[in-house]
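The file run.cif comes next; it holds mmCIF, C-alpha atoms and all ligand atoms.
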```
data_start
loop_
_atom_site.label_atom_id
_atom_site.label_comp_id
_atom_site.auth_asym_id
_atom_site.auth_seq_id
_atom_site.Cartn_x
_atom_site.Cartn_y
_atom_site.Cartn_z
CA MET A 1 -9.57 10.55 37.42
CA GLY A 2 -11.64 10.56 34.20
CA LYS A 3 -10.36 14.03 33.40
CA LEU A 4 -6.75 12.95 33.94
CA VAL A 5 -7.20 10.03 31.54
CA ALA A 6 -8.84 12.32 28.98
CA LEU A 7 -6.02 14.85 29.34
CA THR A 8 -3.35 12.12 28.98
CA LEU A 9 -5.09 10.77 25.85
CA LEU A 10 -5.37 14.27 24.40
CA GLY A 11 -1.69 14.93 25.11
CA ALA A 12 -0.66 11.63 23.52
CA SER A 13 -2.82 12.31 20.46
CA LEU A 14 -1.41 15.81 20.03
CA ALA A 15 2.14 14.47 20.40
CA LEU A 16 1.44 11.84 17.72
CA ILE A 17 -0.11 14.42 15.38
CA GLY A 18 2.84 16.76 16.01
CA GLN A 19 5.35 14.03 15.24
CA ARG A 20 3.49 13.01 12.05
CA LEU A 21 3.34 16.65 10.98
CA VAL A 22 7.11 17.05 11.40
CA THR A 23 7.74 13.85 9.40
CA PHE A 24 5.30 15.04 6.71
CA ARG A 25 7.04 18.42 6.43
CA GLN A 26 10.43 16.73 6.19
CA ARG A 27 9.14 14.44 3.46
CA ILE A 28 7.16 16.87 1.36
CA PHE A 29 9.05 20.11 1.87
CA THR A 30 12.58 18.94 1.30
CA SER A 31 12.93 19.97 -2.29
CA ARG A 32 15.61 18.14 -4.17
CA ASP A 33 17.15 19.77 -7.23
CA VAL A 34 18.08 17.30 -9.94
CA ASP A 35 21.20 17.35 -12.07
CA PRO A 36 20.09 17.28 -15.71
CA VAL A 37 20.31 13.94 -17.52
CA GLU A 38 18.99 13.59 -21.06
CA PRO A 39 19.46 10.98 -23.78
CA GLN A 40 21.10 12.43 -26.89
CA LYS A 41 18.05 12.75 -29.10
CA CYS A 42 14.86 13.99 -27.45
CA GLN A 43 11.87 15.91 -28.76
CA LEU A 44 8.48 16.90 -27.39
CA VAL A 45 5.51 15.01 -28.81
CA GLU A 46 3.06 17.20 -30.68
CA GLY A 47 -0.54 17.02 -29.50
CA LEU A 48 0.30 15.63 -26.05
CA GLU A 49 0.59 18.81 -24.00
CA ALA A 50 -2.17 18.21 -21.42
CA GLY A 51 -0.59 15.33 -19.54
CA SER A 52 0.05 11.71 -20.42
CA GLU A 53 -0.27 10.05 -17.02
CA ASP A 54 0.32 6.47 -18.14
CA ILE A 55 1.87 4.75 -21.15
CA ASP A 56 1.77 1.06 -22.05
CA ILE A 57 3.66 -0.24 -25.10
CA LEU A 58 2.66 -3.52 -26.80
CA PRO A 59 5.38 -6.01 -27.84
CA SER A 60 4.65 -4.84 -31.44
CA GLY A 61 5.75 -1.28 -30.56
CA LEU A 62 2.30 0.33 -30.46
CA ALA A 63 2.11 2.68 -27.47
CA PHE A 64 -1.15 3.52 -25.69
CA ILE A 65 -1.10 6.86 -23.87
CA SER A 66 -3.76 8.11 -21.43
CA THR A 67 -4.15 11.89 -21.61
CA GLY A 68 -6.06 14.72 -19.96
CA LEU A 69 -6.34 13.42 -16.39
CA LYS A 70 -8.30 15.67 -14.02
CA TYR A 71 -7.59 14.84 -10.41
CA PRO A 72 -8.37 16.60 -7.09
CA GLY A 73 -5.45 18.75 -5.94
CA LEU A 74 -3.77 18.95 -9.34
CA PRO A 75 -2.97 22.35 -10.84
CA LYS A 76 -5.69 23.59 -13.15
CA SER A 77 -3.44 23.64 -16.21
CA VAL A 78 -5.44 20.84 -17.79
CA PRO A 79 -8.23 22.23 -19.95
CA ASP A 80 -11.66 21.19 -18.77
CA GLU A 81 -12.29 18.84 -21.66
CA PRO A 82 -12.58 15.06 -21.93
CA GLY A 83 -9.53 12.82 -21.80
CA TYR A 84 -8.40 10.59 -24.65
CA ILE A 85 -6.32 7.54 -25.38
CA PHE A 86 -3.60 8.28 -27.90
CA LEU A 87 -1.66 5.80 -29.99
CA MET A 88 1.94 6.07 -31.19
CA ASP A 89 3.76 3.57 -33.38
CA MET A 90 7.27 3.41 -31.93
CA ASN A 91 8.50 1.60 -35.08
CA GLU A 92 8.05 4.75 -37.17
CA LYS A 93 11.02 6.96 -37.81
CA ASN A 94 9.29 10.05 -36.53
CA PRO A 95 6.38 8.69 -34.50
CA GLN A 96 3.28 10.89 -34.22
CA ALA A 97 0.57 10.61 -31.59
CA GLN A 98 -2.99 10.10 -32.76
CA ALA A 99 -6.17 10.07 -30.64
CA LEU A 100 -8.04 6.78 -30.89
CA ASP A 101 -11.74 6.80 -31.81
CA ILE A 102 -13.96 5.26 -29.16
CA SER A 103 -17.10 3.33 -30.11
CA ASP A 104 -20.55 4.89 -29.57
CA GLY A 105 -22.41 4.04 -26.39
CA PHE A 106 -19.51 5.01 -24.14
CA ASP A 107 -19.78 8.36 -22.32
CA LYS A 108 -16.81 10.13 -23.92
CA ALA A 109 -17.70 13.52 -22.41
CA SER A 110 -16.85 12.34 -18.88
CA PHE A 111 -13.83 10.21 -19.90
CA ASN A 112 -11.06 10.92 -17.38
CA PRO A 113 -8.39 8.25 -17.97
CA HIS A 114 -5.69 7.52 -15.39
CA GLY A 115 -3.61 4.27 -15.14
CA ILE A 116 -3.77 1.83 -18.07
CA SER A 117 -2.75 -1.77 -18.80
CA THR A 118 -2.88 -3.86 -21.96
CA PHE A 119 -3.80 -7.53 -22.25
CA ILE A 120 -3.32 -9.86 -25.23
CA ASP A 121 -5.52 -12.98 -25.18
CA LYS A 122 -4.70 -16.39 -26.65
CA ASP A 123 -6.31 -15.37 -29.96
CA HIS A 124 -3.93 -12.37 -30.12
CA ALA A 125 -6.77 -9.89 -29.58
CA VAL A 126 -5.58 -6.77 -27.76
CA TYR A 127 -7.55 -5.31 -24.86
CA LEU A 128 -6.90 -2.02 -23.10
CA TYR A 129 -7.98 -1.65 -19.47
CA VAL A 130 -8.32 1.95 -18.32
CA VAL A 131 -8.80 3.41 -14.84
CA ASN A 132 -11.45 6.07 -15.40
CA HIS A 133 -12.71 8.83 -13.09
CA PRO A 134 -16.03 9.96 -14.58
CA HIS A 135 -17.43 12.67 -12.28
CA MET A 136 -14.47 11.92 -9.93
CA LYS A 137 -15.64 8.33 -9.27
CA SER A 138 -13.47 5.28 -10.05
CA THR A 139 -14.28 2.68 -12.68
CA VAL A 140 -12.25 0.30 -14.82
CA GLU A 141 -13.16 0.38 -18.52
CA ILE A 142 -12.39 -2.54 -20.82
CA PHE A 143 -11.82 -1.74 -24.49
CA LYS A 144 -10.97 -3.98 -27.43
CA PHE A 145 -8.36 -2.46 -29.70
CA GLU A 146 -9.10 -2.54 -33.43
CA GLU A 147 -5.71 -2.01 -34.99
CA LYS A 148 -6.83 -1.51 -38.60
CA GLN A 149 -9.50 1.05 -37.68
CA ARG A 150 -7.26 2.62 -35.02
CA SER A 151 -10.19 2.54 -32.63
CA LEU A 152 -11.32 1.25 -29.26
CA ILE A 153 -14.54 -0.72 -28.86
CA HIS A 154 -15.95 -0.26 -25.37
CA LEU A 155 -16.88 -3.64 -23.90
CA LYS A 156 -17.54 -3.15 -20.21
CA THR A 157 -17.45 -0.81 -17.21
CA ILE A 158 -16.37 -2.43 -13.96
CA THR A 159 -17.38 -0.88 -10.63
CA HIS A 160 -17.02 -2.29 -7.12
CA GLU A 161 -17.19 -0.82 -3.62
CA LEU A 162 -13.48 -1.65 -3.13
CA LEU A 163 -12.56 0.00 -6.45
CA GLU A 164 -12.29 3.50 -4.93
CA SER A 165 -9.64 6.14 -5.63
CA VAL A 166 -8.00 3.77 -8.10
CA ASN A 167 -4.69 4.92 -9.53
CA ASP A 168 -3.27 2.13 -11.70
CA ILE A 169 -3.98 -1.44 -12.77
CA VAL A 170 -2.12 -4.40 -14.17
CA VAL A 171 -4.14 -7.00 -16.07
CA VAL A 172 -3.21 -10.61 -15.35
CA GLY A 173 -5.97 -12.51 -17.21
CA PRO A 174 -9.35 -11.96 -18.91
CA GLU A 175 -11.19 -9.60 -16.55
CA GLN A 176 -8.58 -10.28 -13.88
CA PHE A 177 -6.39 -7.49 -12.60
CA TYR A 178 -4.60 -5.96 -9.65
CA ALA A 179 -5.47 -2.33 -8.87
CA THR A 180 -3.96 0.23 -6.51
CA ARG A 181 -5.98 2.56 -4.30
CA ASP A 182 -4.01 5.78 -3.74
CA HIS A 183 -6.18 7.39 -1.04
CA TYR A 184 -8.66 6.13 1.51
CA PHE A 185 -10.74 9.31 1.34
CA SER A 186 -12.11 10.93 -1.77
CA LYS A 187 -12.69 14.51 -0.49
CA PHE A 188 -9.62 16.70 -1.06
CA PHE A 189 -9.51 18.08 2.50
CA LEU A 190 -9.69 14.61 4.08
CA ARG A 191 -7.05 13.40 1.61
CA LEU A 192 -4.77 16.15 2.83
CA ILE A 193 -5.24 15.05 6.46
CA GLU A 194 -4.71 11.45 5.39
CA MET A 195 -1.44 12.42 3.72
CA ILE A 196 -0.22 14.57 6.62
CA LEU A 197 -1.04 11.98 9.30
CA ASP A 198 0.11 9.13 7.05
CA PHE A 199 -2.70 6.70 7.97
CA GLN A 200 -1.34 4.03 5.57
CA TRP A 201 -4.88 2.89 4.75
CA THR A 202 -4.35 2.36 1.03
CA TYR A 203 -4.05 -1.04 -0.61
CA VAL A 204 -3.70 -3.32 -3.61
CA LEU A 205 -6.81 -5.12 -4.74
CA PHE A 206 -7.29 -8.24 -6.83
CA TYR A 207 -10.35 -8.20 -9.07
CA SER A 208 -11.99 -11.04 -10.99
CA PRO A 209 -15.68 -11.58 -11.79
CA LYS A 210 -15.73 -14.34 -9.14
CA GLU A 211 -13.66 -12.77 -6.40
CA VAL A 212 -12.60 -9.30 -5.28
CA LYS A 213 -10.15 -8.99 -2.39
CA VAL A 214 -7.52 -6.78 -0.80
CA VAL A 215 -4.20 -8.58 -1.30
CA ALA A 216 -1.72 -6.09 0.17
CA LYS A 217 -2.23 -3.14 2.50
CA GLY A 218 -0.40 -0.62 4.68
CA PHE A 219 0.76 1.70 1.87
CA SER A 220 0.96 5.46 2.46
CA SER A 221 -0.31 5.94 -1.10
CA ALA A 222 -0.18 2.97 -3.48
CA ASN A 223 0.33 4.28 -7.02
CA GLY A 224 1.90 2.55 -10.04
CA ILE A 225 1.71 -1.23 -10.36
CA THR A 226 3.19 -3.73 -12.78
CA ILE A 227 4.18 -7.40 -13.07
CA SER A 228 7.58 -9.01 -13.60
CA PRO A 229 8.20 -10.56 -17.05
CA ASP A 230 8.12 -14.09 -15.51
CA LYS A 231 4.71 -13.19 -13.96
CA LYS A 232 5.93 -14.26 -10.49
CA TYR A 233 6.24 -10.85 -8.83
CA ILE A 234 4.16 -7.72 -8.55
CA TYR A 235 5.86 -4.35 -8.17
CA VAL A 236 3.96 -1.56 -6.39
CA ALA A 237 5.08 2.08 -6.09
CA ASP A 238 4.24 3.79 -2.80
CA VAL A 239 4.49 7.41 -3.93
CA THR A 240 4.59 9.30 -0.63
CA ALA A 241 6.74 6.65 1.11
CA GLN A 242 9.13 7.02 -1.88
CA ASN A 243 9.64 3.32 -2.42
CA ILE A 244 8.82 0.28 -4.54
CA HIS A 245 7.41 -2.88 -2.95
CA VAL A 246 8.36 -6.21 -4.50
CA MET A 247 5.66 -8.80 -3.76
CA LYS A 248 5.43 -12.49 -4.53
CA LYS A 249 2.31 -13.56 -6.41
CA HIS A 250 0.66 -16.83 -5.38
CA ASP A 251 -1.61 -19.19 -7.34
CA ASN A 252 -4.65 -17.88 -5.41
CA TRP A 253 -3.62 -14.31 -6.42
CA ASP A 254 -2.61 -13.38 -2.86
CA LEU A 255 0.57 -11.32 -2.54
CA THR A 256 3.26 -11.57 0.10
CA PRO A 257 5.83 -8.81 0.71
CA LEU A 258 9.35 -9.74 -0.35
CA LYS A 259 11.34 -6.53 -0.19
CA VAL A 260 11.13 -2.75 -0.37
CA ILE A 261 13.43 -0.69 -2.59
CA GLN A 262 13.80 2.73 -0.99
CA LEU A 263 14.28 5.72 -3.32
CA ALA A 264 14.73 9.40 -2.52
CA THR A 265 11.94 10.52 -4.85
CA PHE A 266 8.16 10.25 -5.19
CA VAL A 267 7.60 7.17 -7.35
CA ASP A 268 4.60 7.22 -9.69
CA ASN A 269 4.05 4.67 -12.48
CA LEU A 270 6.22 1.63 -13.14
CA THR A 271 6.96 -0.14 -16.43
CA ILE A 272 9.33 -2.92 -17.47
CA ASP A 273 12.05 -2.56 -20.09
CA PRO A 274 11.35 -5.73 -22.15
CA ALA A 275 14.99 -5.95 -23.31
CA THR A 276 16.58 -5.90 -19.85
CA GLU A 277 13.65 -6.70 -17.49
CA ASP A 278 14.61 -3.62 -15.43
CA ILE A 279 11.95 -1.45 -13.80
CA LEU A 280 11.56 2.06 -15.18
CA ALA A 281 10.00 4.44 -12.67
CA GLY A 282 8.46 7.83 -13.47
CA CYS A 283 9.22 10.00 -10.41
CA HIS A 284 8.59 13.41 -8.88
CA PRO A 285 11.80 14.80 -7.33
CA ASN A 286 10.04 17.71 -5.61
CA ALA A 287 6.52 17.07 -4.38
CA LYS A 288 6.17 20.51 -2.82
CA LYS A 289 6.47 22.19 -6.21
CA LEU A 290 4.00 19.71 -7.67
CA LEU A 291 1.39 20.29 -4.95
CA ASN A 292 2.03 24.03 -4.91
CA TYR A 293 2.28 24.64 -8.64
CA ASN A 294 4.01 27.81 -9.80
CA PRO A 295 4.90 28.03 -13.51
CA GLU A 296 7.80 30.36 -12.58
CA ASN A 297 9.30 27.66 -10.35
CA PRO A 298 7.88 24.42 -11.74
CA PRO A 299 8.28 20.84 -10.48
CA GLY A 300 10.99 18.78 -12.15
CA SER A 301 10.99 15.32 -13.68
CA GLU A 302 13.01 12.21 -13.00
CA VAL A 303 13.07 8.71 -14.49
CA LEU A 304 14.95 5.96 -12.68
CA ARG A 305 16.06 2.53 -13.90
CA ILE A 306 16.21 -0.27 -11.32
CA GLU A 307 18.39 -3.19 -12.41
CA ASN A 308 18.55 -6.63 -10.76
CA VAL A 309 15.33 -5.97 -8.87
CA LEU A 310 15.45 -9.25 -6.92
CA SER A 311 19.12 -9.04 -5.93
CA GLU A 312 20.24 -7.84 -2.51
CA HIS A 313 21.48 -4.53 -3.89
CA PRO A 314 19.52 -3.50 -6.99
CA ARG A 315 21.36 -0.92 -9.09
CA ILE A 316 19.55 2.39 -9.42
CA SER A 317 20.50 4.85 -12.17
CA THR A 318 18.99 8.01 -13.65
CA VAL A 319 17.65 7.72 -17.19
CA TYR A 320 16.27 11.24 -17.39
CA ALA A 321 16.24 14.27 -15.10
CA ASN A 322 15.11 17.83 -15.71
CA ASP A 323 14.39 20.82 -13.45
CA GLY A 324 11.01 21.49 -15.11
CA SER A 325 12.33 23.72 -17.91
CA VAL A 326 11.52 20.94 -20.43
CA LEU A 327 9.30 18.46 -18.60
CA GLN A 328 7.23 18.96 -15.44
CA GLY A 329 5.83 16.24 -13.19
CA SER A 330 6.92 13.03 -14.93
CA THR A 331 4.67 10.10 -14.08
CA VAL A 332 5.81 7.33 -16.41
CA ALA A 333 8.53 6.19 -18.78
CA SER A 334 8.04 3.34 -21.21
CA VAL A 335 10.68 1.92 -23.49
CA TYR A 336 10.70 0.05 -26.80
CA LYS A 337 13.95 -0.88 -28.55
CA LYS A 338 16.15 2.07 -27.51
CA LYS A 339 13.21 4.47 -27.80
CA LEU A 340 11.72 6.08 -24.74
CA LEU A 341 8.45 7.88 -24.05
CA ILE A 342 8.16 9.97 -20.89
CA GLY A 343 4.71 11.09 -19.79
CA THR A 344 3.69 13.71 -17.24
CA ILE A 345 0.73 14.33 -14.98
CA PHE A 346 -0.47 17.60 -16.59
CA HIS A 347 2.40 18.78 -18.80
CA LYS A 348 4.13 17.68 -22.01
CA THR A 349 5.36 14.32 -23.32
CA LEU A 350 8.92 13.58 -24.39
CA TYR A 351 10.15 11.11 -27.00
CA CYS A 352 13.84 10.12 -26.84
CA GLU A 353 16.19 7.78 -28.64
CA PHE A 354 19.19 6.42 -26.78
CA CA A 401 -0.01 1.23 -15.70
CA CA A 402 0.02 6.99 -11.24
#
```
How would this structure read if it were set down as structure tokens?
Amino acid sequence: MGKLVALTLLGASLALIGQRLVTFRQRIFTSRDVDPVEPQKCQLVEGLEAGSEDIDILPSGLAFISTGLKYPGLPKSVPDEPGYIFLMDMNEKNPQAQALDISDGFDKASFNPHGISTFIDKDHAVYLYVVNHPHMKSTVEIFKFEEKQRSLIHLKTITHELLESVNDIVVVGPEQFYATRDHYFSKFFLRLIEMILDFQWTYVLFYSPKEVKVVAKGFSSANGITISPDKKYIYVADVTAQNIHVMKKHDNWDLTPLKVIQLATFVDNLTIDPATEDILAGCHPNAKKLLNYNPENPPGSEVLRIENVLSEHPRISTVYANDGSVLQGSTVASVYKKKLLIGTIFHKTLYCEF
């Protein structure tokens, strides 16, 4: 009898694994070719050729850009040197990117910046929060931005047992932020199994010095995160599930699911167009090419605009699409007054006017 039960359980497990494997193959291996879309005036940004995973633009037009991310499973096209935060003034006619100096006392050699988020306090001081992966761990670094000196003063490193495999953050108050965890496991092999079997063990975390808690879970791989302009909703990209979750934010910082916007592409970082309040999503149209990098047949790039996010039928349109001949592996698009910056995971950065 015991053997029969064991055999039945084994059969059921194998059937489940088989079914998950088929779903995974369908999801990852269906490669979608994109029809090219490009605003009239675009040019590559000099000095930003090793990836610009996340971009956050201040209301003044100063853009912070995180560059040089090294991440398990990514192609080795990123030189093995420290990452930087670059600054670009979007008000300039021909904006140039410039690496920001970082104050002494911070370990710059192991700086491996990922998602970023800016915060302006009531005294108008600007802070930059950066997801960092020194030695492949996850920390959140808080910097104060010194505009005149074009430098970052390192204030604090935040670590917590729940702050693991962090992808992106959105700051909601002094030392208060939401963060996404993109994988449950940290070892590459286990991550692969996690992705194939789609455990949905990743989550969104709320962090404050007083309280740290998981506020939303059940994501295949929670990635980009941002907040609505009225500060009432949190938007979370689930990259492998190819969708965006709209969640209501409560006074106690808890989140409740409101709706899911399904897209046919792997959604990475999210930003808000301040002029229209639309979501801009940096997306990967073909994950297989991204995971299996071949410069002869590179992954493409895609930026989507989602209008009327809260309505029953949000409008989705393509802002930018390229087969990889210009831009490979777009992760983010950030806009300031008809000017657009598109960043990539390990490739170039594009500046467009529209
Ligand atoms: Ca971000
Ligand atoms: Ca991301």
| request: Give the answer as one residue: which of A:Leu197, A:Leu10, A:Ala125, A:Leu192 has the shortest atom-to-atom distance to A:Thr23, using only C-alpha atoms? | output: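 Closest residue, counting only C-alpha atoms: A:Leu197.
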| request: Please write out the residues within 9 Å of ligand CA 401 (chain A) as a VMD selection string, counting only C-alpha atoms and all ligand atoms. | output: chain A and resid 53 to 56 114 to 118 130 167 to 170 224 to 226 269 to 271 332
| field | Selection: 6 Å around stretch 183-186 of chain A, all atoms listed in the file, excl. self and same-chain fewer than 3 positions, as a list of chain:residue names | value |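 In the requested form, the answer reads A:Ser165, A:Arg191, A:Trp201, A:Thr202.
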| field | Protein and nucleic acid residues near (5.0, 9.7, -11.4) (cut-off 6 Å, only C-alpha atoms) as an NGL selection string | value | :A and (267-269 or 282-284 or 330-332)
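Taking atom CA of A:Ser334 and atom CA of A:Leu100 as the two end points, the separation is 19.1 Å.
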What are the centre and the three edge lengths of an axis-aligned box that wraps all atoms of stretch 181-200 of chain A in the file, given that 5 Å is added to every side, written as lines of an AutoDock Vina configuration file and rounded to one decimal in Å?
```
center_x = -6.3
center_y = 10.3
center_z = 2.5
size_x = 22.8
size_y = 25.5
size_z = 23.6
```
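Atom CA of A:Ile279 to atom CA of A:Leu304 spans 8.1 Å [interatomic distance, one decimal].
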| message | With distances taken over all atoms listed in the file, which residue among A:Val166, A:Ile153, A:Ile227, A:Leu16 lies nearest ligand CA 402 (chain A)? | response |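 Nearest to ligand CA 402 (chain A): A:Val166.
The smallest atom-to-atom distance between ligand CA 402 (chain A) and any of A:Ala15, A:Ala179, A:Asn91, A:Leu128, using all atoms listed in the file, is found for A:Ala179.
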| field | Interatomic distance, atom CA of A:Thr318 to atom CA of A:Val303 (Å, one decimal) | value |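 Here the two named atoms are 6.0 Å from each other.
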Shell around A:Pro314 at 12 Å using all atoms listed in the file, local window under 2 positions removed, as an mmCIF file with C-alpha atoms, in the coordinates of the input:
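Result file is out_13.cif:
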```
data_model
loop_
_atom_site.group_PDB
_atom_site.id
_atom_site.type_symbol
_atom_site.label_atom_id
_atom_site.label_comp_id
_atom_site.auth_asym_id
_atom_site.auth_seq_id
_atom_site.Cartn_x
_atom_site.Cartn_y
_atom_site.Cartn_z
ATOM 1 C CA ILE A 244 8.820 0.280 -4.540
ATOM 2 C CA VAL A 246 8.360 -6.210 -4.500
ATOM 3 C CA LYS A 259 11.340 -6.530 -0.190
ATOM 4 C CA VAL A 260 11.130 -2.750 -0.370
ATOM 5 C CA ILE A 261 13.430 -0.690 -2.590
ATOM 6 C CA GLN A 262 13.800 2.730 -0.990
ATOM 7 C CA LEU A 263 14.280 5.720 -3.320
ATOM 8 C CA ASP A 278 14.610 -3.620 -15.430
ATOM 9 C CA ILE A 279 11.950 -1.450 -13.800
ATOM 10 C CA LEU A 304 14.950 5.960 -12.680
ATOM 11 C CA ARG A 305 16.060 2.530 -13.900
ATOM 12 C CA ILE A 306 16.210 -0.270 -11.320
ATOM 13 C CA GLU A 307 18.390 -3.190 -12.410
ATOM 14 C CA ASN A 308 18.550 -6.630 -10.760
ATOM 15 C CA VAL A 309 15.330 -5.970 -8.870
ATOM 16 C CA LEU A 310 15.450 -9.250 -6.920
ATOM 17 C CA SER A 311 19.120 -9.040 -5.930
ATOM 18 C CA GLU A 312 20.240 -7.840 -2.510
ATOM 19 C CA ILE A 316 19.550 2.390 -9.420
ATOM 20 C CA SER A 317 20.500 4.850 -12.170
#
```
